[in-house]
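K.L.:
To start, I am sharing the structure in question, which I have written as structure tokens.
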Amino acid sequence: MRKAREVRDQLVDILKGSLKLELKSAGANWDAIRQCICSAYFHQAARVKSLGEYNDLRTGMPCHLHPTSALYGMGYTPDYIVYHELVFTSKEYMQCVTAVDPKWLAEMGPMFFSLREAGASRKKHADLHQAKMESEFQLAQEEEAARAAAEHLRAQSRSASRSQIITPGGASSIPRFKTPRRRTNL
């Protein structure tokens, strides 16, 4: 607690003295403080493997919570944590540990971390891709059928205007005289 008080006093001196900012408390909003810590230590993050055991997210190295840590023996094991330092004795122990939200890690360190949707798998992704391709194919077929129907209508309208057959001796623009009818009563 004494160390926390010293750090707080240093921060107050910096805010009021050199930066000339007013002191504003986060109150009971601990998430704001944890996000601040996450923004500084996102590169030292670990994910839970089993009770009290974590794997470093960048190196994959197994680490354990130090017995003096506030999270050790708490009964609740956070899924993701950031730590300040590793101490090597018989095992790798993490000290100064804080629980963080995985979304914060992706926001603060996008060059190291990204989020996957829950339950996302290659099969699900492939099924979504297949459904998208099928819908695009069906849309393309419908467009092609509409194009073909429009072309067919255009062809019919063109052929309807050209459907008059002109034959020699048939109707033309030159007026013709009719041959007289045969008399049958003579």
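Lettering and numbering for the structure tokens are positional, with chains as A, B, ... in the shown order, residues counted from 1 in each chain, and ligands counted from 1 in the shown order.
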I want to know what sits within 12 Å of Leu11 of chain A, based on only C-alpha atoms, with residues of the same chain fewer than 5 positions away left out; could you give that as a PyMOL selection string?

P.N.:
chain A and resi 4-6+16-24

K.L.:
Would you give me, as a VMD selection string, the residues in segment 16-62 of chain A that DSSP reads as helix (DSSP H, G or I)?

P.N.:
chain A and resid 16 to 18 30 to 41

K.L.:
Would you write out those residues with N, CA, C and O atoms, as a short mmCIF file (atom, residue, chain, number, x, y, z; two decimals), in the first residue's frame?

P.N.:
```cif
data_model
loop_
_atom_site.label_atom_id
_atom_site.label_comp_id
_atom_site.auth_asym_id
_atom_site.auth_seq_id
_atom_site.Cartn_x
_atom_site.Cartn_y
_atom_site.Cartn_z
N LYS A 16 -0.31 18.12 -11.60
CA LYS A 16 -0.51 19.50 -11.15
C LYS A 16 0.69 20.39 -11.45
O LYS A 16 0.53 21.56 -11.78
N GLY A 17 1.88 19.83 -11.34
CA GLY A 17 3.08 20.64 -11.49
C GLY A 17 3.44 20.92 -12.93
O GLY A 17 3.23 22.02 -13.45
N SER A 18 3.97 19.93 -13.62
CA SER A 18 4.50 20.18 -14.95
C SER A 18 3.42 20.19 -16.05
O SER A 18 3.53 20.94 -17.01
N TRP A 30 -13.07 0.83 -12.13
CA TRP A 30 -11.78 0.15 -12.16
C TRP A 30 -11.38 -0.25 -13.56
O TRP A 30 -10.20 -0.45 -13.85
N ASP A 31 -12.35 -0.37 -14.46
CA ASP A 31 -12.03 -0.75 -15.83
C ASP A 31 -11.15 0.30 -16.50
O ASP A 31 -10.28 -0.03 -17.29
N ALA A 32 -11.35 1.56 -16.19
CA ALA A 32 -10.52 2.62 -16.77
C ALA A 32 -9.06 2.45 -16.34
O ALA A 32 -8.14 2.62 -17.14
N ILE A 33 -8.86 2.09 -15.09
CA ILE A 33 -7.50 1.90 -14.58
C ILE A 33 -6.88 0.64 -15.21
O ILE A 33 -5.73 0.65 -15.63
N ARG A 34 -7.67 -0.42 -15.29
CA ARG A 34 -7.17 -1.65 -15.90
C ARG A 34 -6.86 -1.45 -17.39
O ARG A 34 -5.89 -2.01 -17.90
N GLN A 35 -7.65 -0.64 -18.08
CA GLN A 35 -7.36 -0.34 -19.48
C GLN A 35 -6.06 0.43 -19.61
O GLN A 35 -5.27 0.20 -20.54
N CYS A 36 -5.83 1.33 -18.70
CA CYS A 36 -4.59 2.10 -18.70
C CYS A 36 -3.38 1.18 -18.50
O CYS A 36 -2.38 1.29 -19.20
N ILE A 37 -3.49 0.25 -17.56
CA ILE A 37 -2.41 -0.71 -17.32
C ILE A 37 -2.23 -1.60 -18.55
O ILE A 37 -1.10 -1.89 -18.96
N CYS A 38 -3.34 -2.01 -19.16
CA CYS A 38 -3.27 -2.86 -20.36
C CYS A 38 -2.58 -2.13 -21.50
O CYS A 38 -1.83 -2.74 -22.27
N SER A 39 -2.82 -0.82 -21.63
CA SER A 39 -2.18 -0.08 -22.72
C SER A 39 -0.67 -0.03 -22.56
O SER A 39 0.06 0.08 -23.55
N ALA A 40 -0.17 -0.13 -21.31
CA ALA A 40 1.28 -0.10 -21.08
C ALA A 40 1.91 -1.49 -21.17
O ALA A 40 3.06 -1.62 -21.57
N TYR A 41 1.16 -2.52 -20.80
CA TYR A 41 1.74 -3.87 -20.71
C TYR A 41 1.10 -4.88 -21.65
O TYR A 41 1.17 -6.07 -21.40
#
```

K.L.:
Could you work out how far atom CA of Gln44 of chain A lies from atom CA of Arg2 of chain A, giving the answer in Å with one decimal?

P.N.:
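These two atoms are separated by 25.1 Å.
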
K.L.:
Enumerate as a list in words all residues of segment 62-156 of chain A assigned to strand (DSSP E) by DSSP on the backbone, naming them with the chain letters and numbers the document uses.

P.N.:
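Strand (DSSP E) members of segment 62-156 of chain A, listed: Pro62, Cys63, His64, Leu65, Tyr80, Ile81, Val82, Tyr83, His84, Glu85, Leu86, Val87, Phe88, Glu92, Tyr93, Met94, Gln95, Cys96, Val97, Thr98 and Ala99 of chain A.
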
K.L.:
Deliver the residues from the most recent selection as a file, using C-alpha atoms, as an mmCIF file, in the first residue's frame.

P.N.:
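Wrote it out as again_4.cif, contents follow:
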```
data_model
loop_
_atom_site.group_PDB
_atom_site.id
_atom_site.type_symbol
_atom_site.label_atom_id
_atom_site.label_comp_id
_atom_site.auth_asym_id
_atom_site.auth_seq_id
_atom_site.Cartn_x
_atom_site.Cartn_y
_atom_site.Cartn_z
ATOM 1 C CA PRO A 62 4.217 -21.443 -19.496
ATOM 2 C CA CYS A 63 4.068 -19.035 -16.537
ATOM 3 C CA HIS A 64 2.490 -19.219 -13.099
ATOM 4 C CA LEU A 65 0.957 -16.646 -10.809
ATOM 5 C CA TYR A 80 -6.420 -12.968 -19.749
ATOM 6 C CA ILE A 81 -3.894 -11.043 -17.680
ATOM 7 C CA VAL A 82 -1.003 -8.637 -18.133
ATOM 8 C CA TYR A 83 2.049 -8.720 -15.891
ATOM 9 C CA HIS A 84 4.913 -6.422 -15.027
ATOM 10 C CA GLU A 85 7.781 -8.855 -14.535
ATOM 11 C CA LEU A 86 8.747 -12.506 -14.643
ATOM 12 C CA VAL A 87 10.684 -14.034 -11.746
ATOM 13 C CA PHE A 88 12.462 -17.308 -12.354
ATOM 14 C CA GLU A 92 8.508 -18.783 -14.232
ATOM 15 C CA TYR A 93 6.374 -16.619 -11.937
ATOM 16 C CA MET A 94 4.490 -13.464 -12.973
ATOM 17 C CA GLN A 95 4.397 -10.556 -10.532
ATOM 18 C CA CYS A 96 2.251 -7.399 -10.545
ATOM 19 C CA VAL A 97 -0.585 -9.070 -12.415
ATOM 20 C CA THR A 98 -3.858 -7.470 -13.564
ATOM 21 C CA ALA A 99 -6.870 -9.089 -15.225
#
```

K.L.:
Counting only C-alpha atoms, which of A:His43, A:Ser90, A:Arg181, A:Met108 gets nearest to His66 of chain A?

P.N.:
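With only C-alpha atoms as the atom set, the closest residue is A:Ser90.
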
K.L.:
Compare A:Met1, A:Val7, A:Gly75, A:Leu105 by their minimum atom-to-atom distance to Arg47 of chain A, counting only C-alpha atoms, and give me the closest one.

P.N.:
A:Leu105

K.L.:
Closest to Val100 of chain A among A:Met61, A:Ala126, A:Phe113, A:Asp79, using only C-alpha atoms?

P.N.:
A:Asp79
